[in-house]
file final_22.pdb (PDB, C-alpha atoms)
ATOM      1  CA  MET A   1       0.000   0.000   0.000
ATOM      2  CA  ARG A   2       1.353   3.420  -0.968
ATOM      3  CA  ILE A   3       0.546   6.472   1.174
ATOM      4  CA  GLN A   4       0.777   9.942  -0.391
ATOM      5  CA  LEU A   5       2.169  12.428   2.135
ATOM      6  CA  ASP A   6       1.383  15.688   0.349
ATOM      7  CA  SER A   7       0.454  17.761   3.424
ATOM      8  CA  PRO A   8       1.124  17.884   7.189
ATOM      9  CA  LEU A   9      -2.502  16.906   7.816
ATOM     10  CA  SER A  10      -2.309  13.871   5.566
ATOM     11  CA  ALA A  11       0.945  12.872   7.245
ATOM     12  CA  GLN A  12      -0.740  13.072  10.650
ATOM     13  CA  ARG A  13      -3.666  11.013   9.399
ATOM     14  CA  SER A  14      -1.316   8.427   7.945
ATOM     15  CA  ALA A  15       0.616   8.196  11.181
ATOM     16  CA  LEU A  16      -2.619   7.764  13.109
ATOM     17  CA  PHE A  17      -3.732   5.051  10.683
ATOM     18  CA  LEU A  18      -0.490   3.158  11.200
ATOM     19  CA  VAL A  19      -0.812   3.405  15.000
ATOM     20  CA  VAL A  20      -4.360   2.054  14.869
ATOM     21  CA  LEU A  21      -3.274  -0.732  12.501
ATOM     22  CA  VAL A  22      -0.428  -1.761  14.791
ATOM     23  CA  CYS A  23      -2.751  -1.756  17.818
ATOM     24  CA  MET A  24      -5.310  -3.876  16.006
ATOM     25  CA  CYS A  25      -2.668  -6.363  14.982
ATOM     26  CA  SER A  26      -1.170  -6.535  18.467
ATOM     27  CA  GLU A  27      -4.531  -7.537  19.907
ATOM     28  CA  VAL A  28      -4.739 -10.670  17.808
ATOM     29  CA  VAL A  29      -1.134 -11.866  17.929
ATOM     30  CA  GLY A  30      -1.093 -15.229  19.665
ATOM     31  CA  GLU A  31      -4.860 -15.682  19.483
ATOM     32  CA  THR A  32      -7.150 -17.347  16.984
ATOM     33  CA  ALA A  33     -10.609 -15.950  16.278
ATOM     34  CA  PRO A  34     -12.766 -16.470  19.392
ATOM     35  CA  THR A  35     -15.678 -18.868  19.475
ATOM     36  CA  ARG A  36     -18.564 -16.889  20.928
ATOM     37  CA  ASP A  37     -21.939 -17.505  22.539
ATOM     38  CA  VAL A  38     -21.631 -21.285  22.886
ATOM     39  CA  VAL A  39     -24.555 -22.683  24.892
ATOM     40  CA  PHE A  40     -23.219 -25.171  27.447
ATOM     41  CA  ALA A  41     -26.428 -25.734  29.437
ATOM     42  CA  SER A  42     -30.026 -24.504  29.675
ATOM     43  CA  PRO A  43     -31.325 -24.841  33.256
ATOM     44  CA  ASP A  44     -34.947 -23.775  33.613
ATOM     45  CA  ALA A  45     -34.945 -22.896  29.893
ATOM     46  CA  HIS A  46     -32.280 -20.233  30.533
ATOM     47  CA  ASP A  47     -29.364 -20.586  28.106
ATOM     48  CA  LEU A  48     -25.937 -20.412  29.725
ATOM     49  CA  LYS A  49     -23.196 -19.360  27.322
ATOM     50  CA  LEU A  50     -19.443 -19.069  27.106
ATOM     51  CA  ASN A  51     -16.843 -17.444  24.887
ATOM     52  CA  LEU A  52     -13.697 -19.382  24.077
ATOM     53  CA  PHE A  53     -10.356 -17.770  23.270
ATOM     54  CA  LEU A  54      -7.591 -20.016  21.966
ATOM     55  CA  PRO A  55      -3.879 -19.448  21.371
ATOM     56  CA  ASP A  56      -2.504 -19.822  17.851
ATOM     57  CA  GLU A  57      -1.446 -23.357  18.749
ATOM     58  CA  PRO A  58      -4.207 -24.657  21.048
ATOM     59  CA  GLU A  59      -2.927 -28.225  21.170
ATOM     60  CA  LYS A  60      -2.165 -29.095  24.796
ATOM     61  CA  ALA A  61      -2.868 -25.510  25.904
ATOM     62  CA  PRO A  62      -3.919 -25.550  29.581
ATOM     63  CA  LEU A  63      -7.397 -24.125  30.103
ATOM     64  CA  VAL A  64      -8.351 -21.110  32.217
ATOM     65  CA  VAL A  65     -12.039 -20.819  33.107
ATOM     66  CA  PHE A  66     -12.799 -17.150  33.786
ATOM     67  CA  ILE A  67     -15.857 -16.157  35.855
ATOM     68  CA  HIS A  68     -17.101 -12.571  35.754
ATOM     69  CA  GLY A  69     -18.046 -10.429  38.735
ATOM     70  CA  GLY A  70     -20.991  -8.131  39.357
ATOM     71  CA  GLY A  71     -22.283  -9.082  42.803
ATOM     72  CA  TRP A  72     -23.913 -12.251  41.397
ATOM     73  CA  ARG A  73     -26.622  -9.950  40.025
ATOM     74  CA  ALA A  74     -24.902  -8.234  37.093
ATOM     75  CA  GLY A  75     -22.004  -8.666  34.689
ATOM     76  CA  SER A  76     -21.542 -10.890  31.667
ATOM     77  CA  TYR A  77     -19.330 -13.587  30.202
ATOM     78  CA  GLU A  78     -18.932 -11.228  27.227
ATOM     79  CA  ARG A  79     -16.384  -9.188  29.169
ATOM     80  CA  CYS A  80     -13.165 -11.128  29.695
ATOM     81  CA  PRO A  81     -10.227  -9.086  31.041
ATOM     82  CA  VAL A  82      -7.815 -12.042  30.903
ATOM     83  CA  LYS A  83      -8.035 -13.114  27.261
ATOM     84  CA  TRP A  84      -4.465 -11.799  26.922
ATOM     85  CA  LEU A  85      -3.448 -15.125  28.495
ATOM     86  CA  THR A  86      -3.710 -16.688  25.036
ATOM     87  CA  VAL A  87      -0.475 -14.915  24.128
ATOM     88  CA  HIS A  88       1.178 -16.952  26.884
ATOM     89  CA  GLY A  89      -0.149 -20.246  25.556
ATOM     90  CA  PHE A  90      -3.344 -20.642  27.579
ATOM     91  CA  ALA A  91      -6.857 -21.297  26.361
ATOM     92  CA  VAL A  92      -9.456 -19.088  28.074
ATOM     93  CA  ALA A  93     -13.161 -19.808  28.469
ATOM     94  CA  SER A  94     -15.253 -16.923  29.798
ATOM     95  CA  ILE A  95     -18.425 -18.437  31.222
ATOM     96  CA  GLY A  96     -21.877 -17.213  32.200
ATOM     97  CA  TYR A  97     -24.043 -18.305  35.116
ATOM     98  CA  ARG A  98     -27.526 -17.559  36.406
ATOM     99  CA  LEU A  99     -27.716 -14.220  38.194
ATOM    100  CA  THR A 100     -29.754 -13.695  41.339
ATOM    101  CA  ASP A 101     -32.786 -12.428  39.426
ATOM    102  CA  LYS A 102     -32.999 -15.956  37.974
ATOM    103  CA  ALA A 103     -31.925 -18.158  40.875
ATOM    104  CA  ILE A 104     -30.268 -18.079  44.287
ATOM    105  CA  PHE A 105     -27.349 -20.079  45.670
ATOM    106  CA  PRO A 106     -26.265 -22.785  44.928
ATOM    107  CA  ALA A 107     -27.429 -22.363  41.310
ATOM    108  CA  GLN A 108     -24.396 -20.209  40.479
ATOM    109  CA  VAL A 109     -21.978 -22.925  41.628
ATOM    110  CA  HIS A 110     -23.970 -25.596  39.791
ATOM    111  CA  ASP A 111     -23.712 -23.550  36.596
ATOM    112  CA  CYS A 112     -19.963 -23.007  36.881
ATOM    113  CA  LYS A 113     -19.366 -26.694  37.513
ATOM    114  CA  ALA A 114     -21.541 -27.491  34.493
ATOM    115  CA  ALA A 115     -19.322 -25.234  32.385
ATOM    116  CA  VAL A 116     -16.175 -27.040  33.546
ATOM    117  CA  ARG A 117     -17.748 -30.400  32.761
ATOM    118  CA  TRP A 118     -18.868 -29.227  29.307
ATOM    119  CA  LEU A 119     -15.393 -27.917  28.511
ATOM    120  CA  ARG A 120     -13.816 -31.202  29.562
ATOM    121  CA  ALA A 121     -16.299 -33.165  27.490
ATOM    122  CA  HIS A 122     -15.564 -31.025  24.413
ATOM    123  CA  GLU A 123     -11.801 -30.569  24.658
ATOM    124  CA  GLY A 124     -11.329 -32.697  21.560
ATOM    125  CA  ASP A 125     -13.491 -30.290  19.548
ATOM    126  CA  TYR A 126     -11.158 -27.376  20.310
ATOM    127  CA  ASN A 127      -7.846 -29.172  20.968
ATOM    128  CA  PHE A 128      -6.987 -27.546  24.316
ATOM    129  CA  ASP A 129      -5.915 -29.531  27.398
ATOM    130  CA  ALA A 130      -8.812 -29.811  29.856
ATOM    131  CA  SER A 131      -6.849 -32.027  32.229
ATOM    132  CA  HIS A 132      -5.236 -28.824  33.538
ATOM    133  CA  ILE A 133      -7.917 -26.272  34.410
ATOM    134  CA  THR A 134      -7.471 -23.108  36.438
ATOM    135  CA  ALA A 135     -10.577 -21.400  37.790
ATOM    136  CA  MET A 136     -10.159 -17.628  37.771
ATOM    137  CA  GLY A 137     -12.586 -14.861  38.660
ATOM    138  CA  THR A 138     -13.062 -11.275  39.736
ATOM    139  CA  SER A 139     -15.147 -10.225  42.770
ATOM    140  CA  ALA A 140     -18.285 -12.434  42.782
ATOM    141  CA  GLY A 141     -16.548 -14.466  40.081
ATOM    142  CA  GLY A 142     -13.580 -14.825  42.424
ATOM    143  CA  HIS A 143     -15.933 -16.291  45.010
ATOM    144  CA  LEU A 144     -17.254 -18.792  42.463
ATOM    145  CA  ALA A 145     -13.727 -19.686  41.343
ATOM    146  CA  LEU A 146     -12.851 -20.381  44.976
ATOM    147  CA  MET A 147     -15.948 -22.545  45.313
ATOM    148  CA  LEU A 148     -14.869 -24.574  42.277
ATOM    149  CA  GLY A 149     -11.502 -25.089  43.888
ATOM    150  CA  VAL A 150     -12.581 -26.250  47.334
ATOM    151  CA  THR A 151     -15.799 -28.221  46.702
ATOM    152  CA  ALA A 152     -14.618 -30.991  44.381
ATOM    153  CA  GLY A 153     -16.702 -34.091  44.949
ATOM    154  CA  ASP A 154     -19.405 -32.310  46.976
ATOM    155  CA  LYS A 155     -22.551 -33.901  45.580
ATOM    156  CA  GLN A 156     -24.905 -31.176  46.828
ATOM    157  CA  LEU A 157     -22.846 -28.481  45.175
ATOM    158  CA  GLU A 158     -22.168 -30.497  42.038
ATOM    159  CA  GLY A 159     -25.747 -30.156  40.832
ATOM    160  CA  GLU A 160     -27.259 -31.733  37.743
ATOM    161  CA  VAL A 161     -27.005 -28.860  35.275
ATOM    162  CA  GLY A 162     -26.016 -29.797  31.730
ATOM    163  CA  ASP A 163     -25.554 -33.053  29.861
ATOM    164  CA  ASN A 164     -22.151 -34.132  31.180
ATOM    165  CA  THR A 165     -22.848 -35.074  34.780
ATOM    166  CA  ASP A 166     -20.484 -38.048  34.526
ATOM    167  CA  VAL A 167     -17.512 -35.749  33.792
ATOM    168  CA  SER A 168     -15.302 -34.276  36.532
ATOM    169  CA  SER A 169     -15.716 -30.613  37.497
ATOM    170  CA  GLU A 170     -12.487 -30.578  39.512
ATOM    171  CA  VAL A 171     -10.004 -27.771  38.841
ATOM    172  CA  GLN A 172      -6.249 -27.924  39.315
ATOM    173  CA  ALA A 173      -5.569 -24.324  40.415
ATOM    174  CA  VAL A 174      -7.447 -21.145  41.410
ATOM    175  CA  VAL A 175      -6.772 -17.429  40.905
ATOM    176  CA  ASP A 176      -9.016 -15.148  42.968
ATOM    177  CA  PHE A 177      -9.168 -11.443  42.186
ATOM    178  CA  PHE A 178     -10.720  -9.638  45.194
ATOM    179  CA  GLY A 179     -13.509 -12.160  45.819
ATOM    180  CA  PRO A 180     -15.388 -12.733  49.095
ATOM    181  CA  SER A 181     -14.791 -15.984  50.969
ATOM    182  CA  ASP A 182     -16.616 -15.918  54.313
ATOM    183  CA  PHE A 183     -20.190 -14.658  54.578
ATOM    184  CA  LEU A 184     -20.399 -15.282  58.336
ATOM    185  CA  LEU A 185     -17.421 -12.991  58.832
ATOM    186  CA  ARG A 186     -19.046 -10.508  56.479
ATOM    187  CA  THR A 187     -22.176 -10.280  58.638
ATOM    188  CA  ARG A 188     -19.894  -8.758  61.291
ATOM    189  CA  THR A 189     -17.692  -6.555  59.118
ATOM    190  CA  GLN A 190     -20.034  -5.619  56.227
ATOM    191  CA  PRO A 191     -23.642  -6.233  57.333
ATOM    192  CA  SER A 192     -24.917  -3.961  54.555
ATOM    193  CA  LYS A 193     -23.977  -6.745  52.129
ATOM    194  CA  THR A 194     -25.524  -9.612  54.089
ATOM    195  CA  GLU A 195     -28.409  -8.205  56.147
ATOM    196  CA  SER A 196     -30.034  -5.585  53.922
ATOM    197  CA  ALA A 197     -32.520  -6.588  51.222
ATOM    198  CA  SER A 198     -30.460  -4.537  48.758
ATOM    199  CA  GLY A 199     -27.235  -6.310  49.684
ATOM    200  CA  SER A 200     -25.544  -8.602  47.177
ATOM    201  CA  VAL A 201     -25.102 -11.504  49.618
ATOM    202  CA  TYR A 202     -28.692 -11.133  50.839
ATOM    203  CA  LYS A 203     -29.853 -11.541  47.215
ATOM    204  CA  LEU A 204     -27.505 -14.494  46.673
ATOM    205  CA  LEU A 205     -28.799 -16.366  49.725
ATOM    206  CA  GLY A 206     -32.405 -15.244  49.425
ATOM    207  CA  GLY A 207     -32.429 -13.631  52.865
ATOM    208  CA  LYS A 208     -30.288 -12.431  55.751
ATOM    209  CA  ALA A 209     -27.093 -14.381  56.274
ATOM    210  CA  SER A 210     -27.726 -14.182  60.027
ATOM    211  CA  ASP A 211     -31.044 -15.991  59.505
ATOM    212  CA  LYS A 212     -29.513 -18.511  57.086
ATOM    213  CA  GLN A 213     -26.253 -19.275  58.833
ATOM    214  CA  GLU A 214     -25.922 -22.833  57.595
ATOM    215  CA  LEU A 215     -26.562 -21.728  54.015
ATOM    216  CA  ALA A 216     -24.152 -18.805  54.461
ATOM    217  CA  ARG A 217     -21.506 -21.222  55.712
ATOM    218  CA  ARG A 218     -22.163 -23.574  52.807
ATOM    219  CA  ALA A 219     -21.763 -20.655  50.380
ATOM    220  CA  SER A 220     -18.449 -19.587  51.953
ATOM    221  CA  PRO A 221     -15.366 -21.154  50.361
ATOM    222  CA  ALA A 222     -13.252 -20.475  53.458
ATOM    223  CA  HIS A 223     -15.438 -23.009  55.301
ATOM    224  CA  HIS A 224     -14.826 -25.737  52.707
ATOM    225  CA  VAL A 225     -11.014 -25.728  52.670
ATOM    226  CA  GLY A 226      -9.416 -29.089  53.334
ATOM    227  CA  LYS A 227      -6.514 -31.360  52.492
ATOM    228  CA  GLY A 228      -5.836 -31.802  48.804
ATOM    229  CA  ASP A 229      -7.316 -28.491  47.652
ATOM    230  CA  PRO A 230      -5.580 -26.968  44.613
ATOM    231  CA  PRO A 231      -2.927 -24.231  44.628
ATOM    232  CA  LEU A 232      -4.343 -20.742  45.112
ATOM    233  CA  LEU A 233      -3.271 -17.234  44.113
ATOM    234  CA  VAL A 234      -5.157 -14.338  45.738
ATOM    235  CA  LEU A 235      -4.884 -10.710  44.595
ATOM    236  CA  HIS A 236      -6.645  -8.050  46.658
ATOM    237  CA  GLY A 237      -6.462  -4.276  47.044
ATOM    238  CA  GLU A 238      -5.489  -2.998  50.479
ATOM    239  CA  ASN A 239      -8.054  -0.182  50.197
ATOM    240  CA  ASP A 240     -10.943  -2.281  48.897
ATOM    241  CA  ARG A 241     -14.183  -1.074  50.501
ATOM    242  CA  VAL A 242     -16.534  -3.232  48.437
ATOM    243  CA  VAL A 243     -15.007  -6.551  49.500
ATOM    244  CA  LEU A 244     -12.829  -5.961  52.531
ATOM    245  CA  ILE A 245      -9.379  -7.478  52.496
ATOM    246  CA  ASP A 246     -10.276  -9.554  55.554
ATOM    247  CA  GLN A 247     -12.172 -11.796  53.106
ATOM    248  CA  ALA A 248      -8.941 -12.573  51.274
ATOM    249  CA  GLN A 249      -7.112 -13.050  54.566
ATOM    250  CA  ALA A 250      -9.750 -15.521  55.774
ATOM    251  CA  MET A 251      -9.199 -17.676  52.695
ATOM    252  CA  VAL A 252      -5.429 -17.482  52.953
ATOM    253  CA  ASP A 253      -5.553 -18.389  56.651
ATOM    254  CA  ALA A 254      -7.769 -21.385  55.912
ATOM    255  CA  TYR A 255      -5.257 -22.587  53.315
ATOM    256  CA  LYS A 256      -2.349 -22.120  55.712
ATOM    257  CA  GLN A 257      -4.198 -24.104  58.373
ATOM    258  CA  TYR A 258      -3.987 -27.130  56.082
ATOM    259  CA  ASP A 259      -0.473 -26.295  54.870
ATOM    260  CA  LEU A 260      -1.753 -25.827  51.309
ATOM    261  CA  ASP A 261      -0.020 -23.967  48.479
ATOM    262  CA  VAL A 262      -1.180 -20.331  48.587
ATOM    263  CA  GLU A 263       0.206 -16.998  47.381
ATOM    264  CA  PHE A 264      -1.258 -13.683  48.563
ATOM    265  CA  ILE A 265      -0.570 -10.447  46.693
ATOM    266  CA  LYS A 266      -1.748  -7.332  48.530
ATOM    267  CA  ILE A 267      -1.847  -4.359  46.181
ATOM    268  CA  PRO A 268      -1.112  -1.053  47.973
ATOM    269  CA  ASN A 269      -3.560   1.828  47.442
ATOM    270  CA  ALA A 270      -5.800  -0.355  45.252
ATOM    271  CA  GLY A 271      -9.551  -0.507  45.661
ATOM    272  CA  HIS A 272     -12.055  -2.941  44.212
ATOM    273  CA  GLY A 273     -10.843  -3.765  40.718
ATOM    274  CA  GLY A 274      -9.276  -1.523  38.111
ATOM    275  CA  ASN A 275      -6.404  -1.724  35.677
ATOM    276  CA  VAL A 276      -3.858  -2.084  38.473
ATOM    277  CA  PHE A 277      -4.875  -5.740  38.784
ATOM    278  CA  PHE A 278      -3.916  -6.380  35.165
ATOM    279  CA  ASN A 279      -0.807  -4.249  34.754
ATOM    280  CA  ALA A 280       2.487  -5.762  33.635
ATOM    281  CA  GLN A 281       3.563  -6.674  37.161
ATOM    282  CA  GLN A 282       0.354  -8.493  38.079
ATOM    283  CA  ARG A 283       0.138 -10.196  34.692
ATOM    284  CA  GLN A 284       3.613 -11.568  35.228
ATOM    285  CA  SER A 285       2.630 -12.882  38.675
ATOM    286  CA  VAL A 286      -0.450 -14.594  37.244
ATOM    287  CA  VAL A 287       1.448 -16.162  34.341
ATOM    288  CA  GLU A 288       4.207 -17.407  36.645
ATOM    289  CA  PHE A 289       1.583 -19.002  38.893
ATOM    290  CA  LEU A 290      -0.157 -20.642  35.933
ATOM    291  CA  ASP A 291       3.105 -21.868  34.464
ATOM    292  CA  LYS A 292       4.100 -23.359  37.799
ATOM    293  CA  HIS A 293       0.835 -25.157  38.391
ATOM    294  CA  SER A 294      -0.242 -26.228  34.926
ATOM    295  CA  LYS A 295       2.369 -26.248  32.196
ATOM    296  CA  ASP A 296       5.094 -27.819  34.301
ATOM    297  CA  THR A 297       2.796 -30.698  35.281
ATOM    298  CA  GLN A 298       2.224 -31.899  31.723
TER     299      GLN A 298
END

call {"tool": "encode", "arguments": {"input": "final_22.pdb", "output": "structure tokens"}}
result
Amino acid sequence: MRIQLDSPLSAQRSALFLVVLVCMCSEVVGETAPTRDVVFASPDAHDLKLNLFLPDEPEKAPLVVFIHGGGWRAGSYERCPVKWLTVHGFAVASIGYRLTDKAIFPAQVHDCKAAVRWLRAHEGDYNFDASHITAMGTSAGGHLALMLGVTAGDKQLEGEVGDNTDVSSEVQAVVDFFGPSDFLLRTRTQPSKTESASGSVYKLLGGKASDKQELARRASPAHHVGKGDPPLLVLHGENDRVVLIDQAQAMVDAYKQYDLDVEFIKIPNAGHGGNVFFNAQQRQSVVEFLDKHSKDTQ
């Protein structure tokens, strides 16, 4: 292509065009065209969908299952802030689940486990490696990723969503970005989330956590931790006021109680989410964790 630079304005436009072209190209390096809006289950006639992002060479690529946040009442699988992992050789599936206007706990866990089972059952269709799955999520999605990690084999939480109930929903590692882990603790430190009808945990449980303590405990990943649970990386902002950092600490402490593999990254001056969680430094930490606990086990 030949560009005529016959004026300063045209030169500026040409330079801008080249910058945009380079940016567009850089977004697709290392990634094949995504497979979007795949229905993996339809509980109560509600289609659950996922988007799949594959590296250029998907064969034997370990799989990351990403779960979006939004207080279990908002958000979408269509937004996936970690699809850049394909450049590092990982396949990424961004999954949906029923929000609290459709169903209360444990439906969200059932849906996420159904997604893992579907992905395992269809790994041959996409050529990634579903024997090495990392559950990863932000905020409410972090909570669900934690639940995937610590409830393997729990029949009540396994559910019967989807057509692959004979396939394992176990995951081999977990990355939690600022997710809650202990709703009983939260009734003491953030009762607006658990006791008020407008609170996100209240909507998840279908009532006050203080009135549903057994259900609140069952929905709290920190109360499920036990021997054999997968390696865990937790990233949390020190100034988070939406999900207090004591939620991350509760999960880390539970892991340490069982002498499990856990890494805890506290991000100074960070609140609830934001680009700081996906800057170069944090991306490197995440990739190193994934490399350690997936690629080196193949």

call {"tool": "resolve_selection", "arguments": {"input": "final_22.pdb", "expression": "the PyMOL selection byres ((chain A and resi 152-157) around 10)", "output": "JSON, numbers by chain"}}
result
{"A": [105, 106, 107, 108, 109, 110, 111, 113, 147, 148, 149, 150, 151, 158, 159, 160, 168, 169, 170, 171, 218, 219, 224, 228, 229, 230]}

call {"tool": "resolve_selection", "arguments": {"input": "final_22.pdb", "expression": "the PyMOL selection byres ((chain A and resi 254-270) around 6)", "output": "list in words"}}
result
Pro231, Leu232, Leu233, Val234, Leu235, His236, Gly237, Glu238, Asn239, Met251, Val252, Asp253 and Gly271 of chain A

call {"tool": "residues_around", "arguments": {"input": "final_22.pdb", "residues": "segment 96-104 of chain A", "least_positions_apart": "6", "cutoff": "9 Å", "atoms": "only C-alpha atoms", "output": "NGL selection string"}}
result
:A and (43 or 46 or 48-51 or 67-68 or 71-78 or 110-112 or 115 or 200 or 203-206)

call {"tool": "atom_distance", "arguments": {"input": "final_22.pdb", "atom1": "atom CA of Phe128 of chain A", "atom2": "atom CA of Phe40 of chain A"}}
result
16.7 Å

call {"tool": "residues_around", "arguments": {"input": "final_22.pdb", "residues": "Asp176 of chain A", "least_positions_apart": "3", "cutoff": "6 Å", "atoms": "all atoms listed in the file", "output": "ChimeraX atom specification"}}
result
/A:136-137,142,234

call {"tool": "atom_distance", "arguments": {"input": "final_22.pdb", "atom1": "atom CA of Ile245 of chain A", "atom2": "atom CA of Gln282 of chain A"}}
result
17.4 Å

call {"tool": "resolve_selection", "arguments": {"input": "final_22.pdb", "expression": "the PyMOL selection byres ((chain A and resi 123) around 12)", "output": "JSON, numbers by chain"}}
result
{"A": [52, 54, 58, 59, 60, 61, 62, 63, 91, 93, 116, 117, 118, 119, 120, 121, 122, 124, 125, 126, 127, 128, 129, 130, 131, 132, 133, 167]}

call {"tool": "closest_residue", "arguments": {"input": "final_22.pdb", "among": "A:Asp163, A:Asp182, A:Asp246, A:Asp211", "to": "Val39 of chain A", "atoms": "all atoms listed in the file"}}
result
A:Asp163

call {"tool": "closest_residue", "arguments": {"input": "final_22.pdb", "among": "A:Val65, A:Val242, A:Ala280, A:Val87", "to": "Ala114 of chain A", "atoms": "all atoms listed in the file"}}
result
A:Val65

call {"tool": "atom_distance", "arguments": {"input": "final_22.pdb", "atom1": "atom CA of Pro34 of chain A", "atom2": "atom CA of Pro55 of chain A"}}
result
9.6 Å

call {"tool": "closest_residue", "arguments": {"input": "final_22.pdb", "among": "A:Gly199, A:Pro191, A:Gly273, A:Gly70", "to": "Gly141 of chain A", "atoms": "all atoms listed in the file"}}
result
A:Gly70

call {"tool": "closest_residue", "arguments": {"input": "final_22.pdb", "among": "A:Phe178, A:Val276, A:Gln281, A:Phe90", "to": "Ser139 of chain A", "atoms": "only C-alpha atoms"}}
result
A:Phe178

call {"tool": "closest_residue", "arguments": {"input": "final_22.pdb", "among": "A:Ala45, A:Ala140, A:Ala209, A:Val38", "to": "Val161 of chain A", "atoms": "all atoms listed in the file"}}
result
A:Ala45

call {"tool": "closest_residue", "arguments": {"input": "final_22.pdb", "among": "A:His293, A:Asn275, A:Leu146, A:Thr187", "to": "Ala222 of chain A", "atoms": "only C-alpha atoms"}}
result
A:Leu146
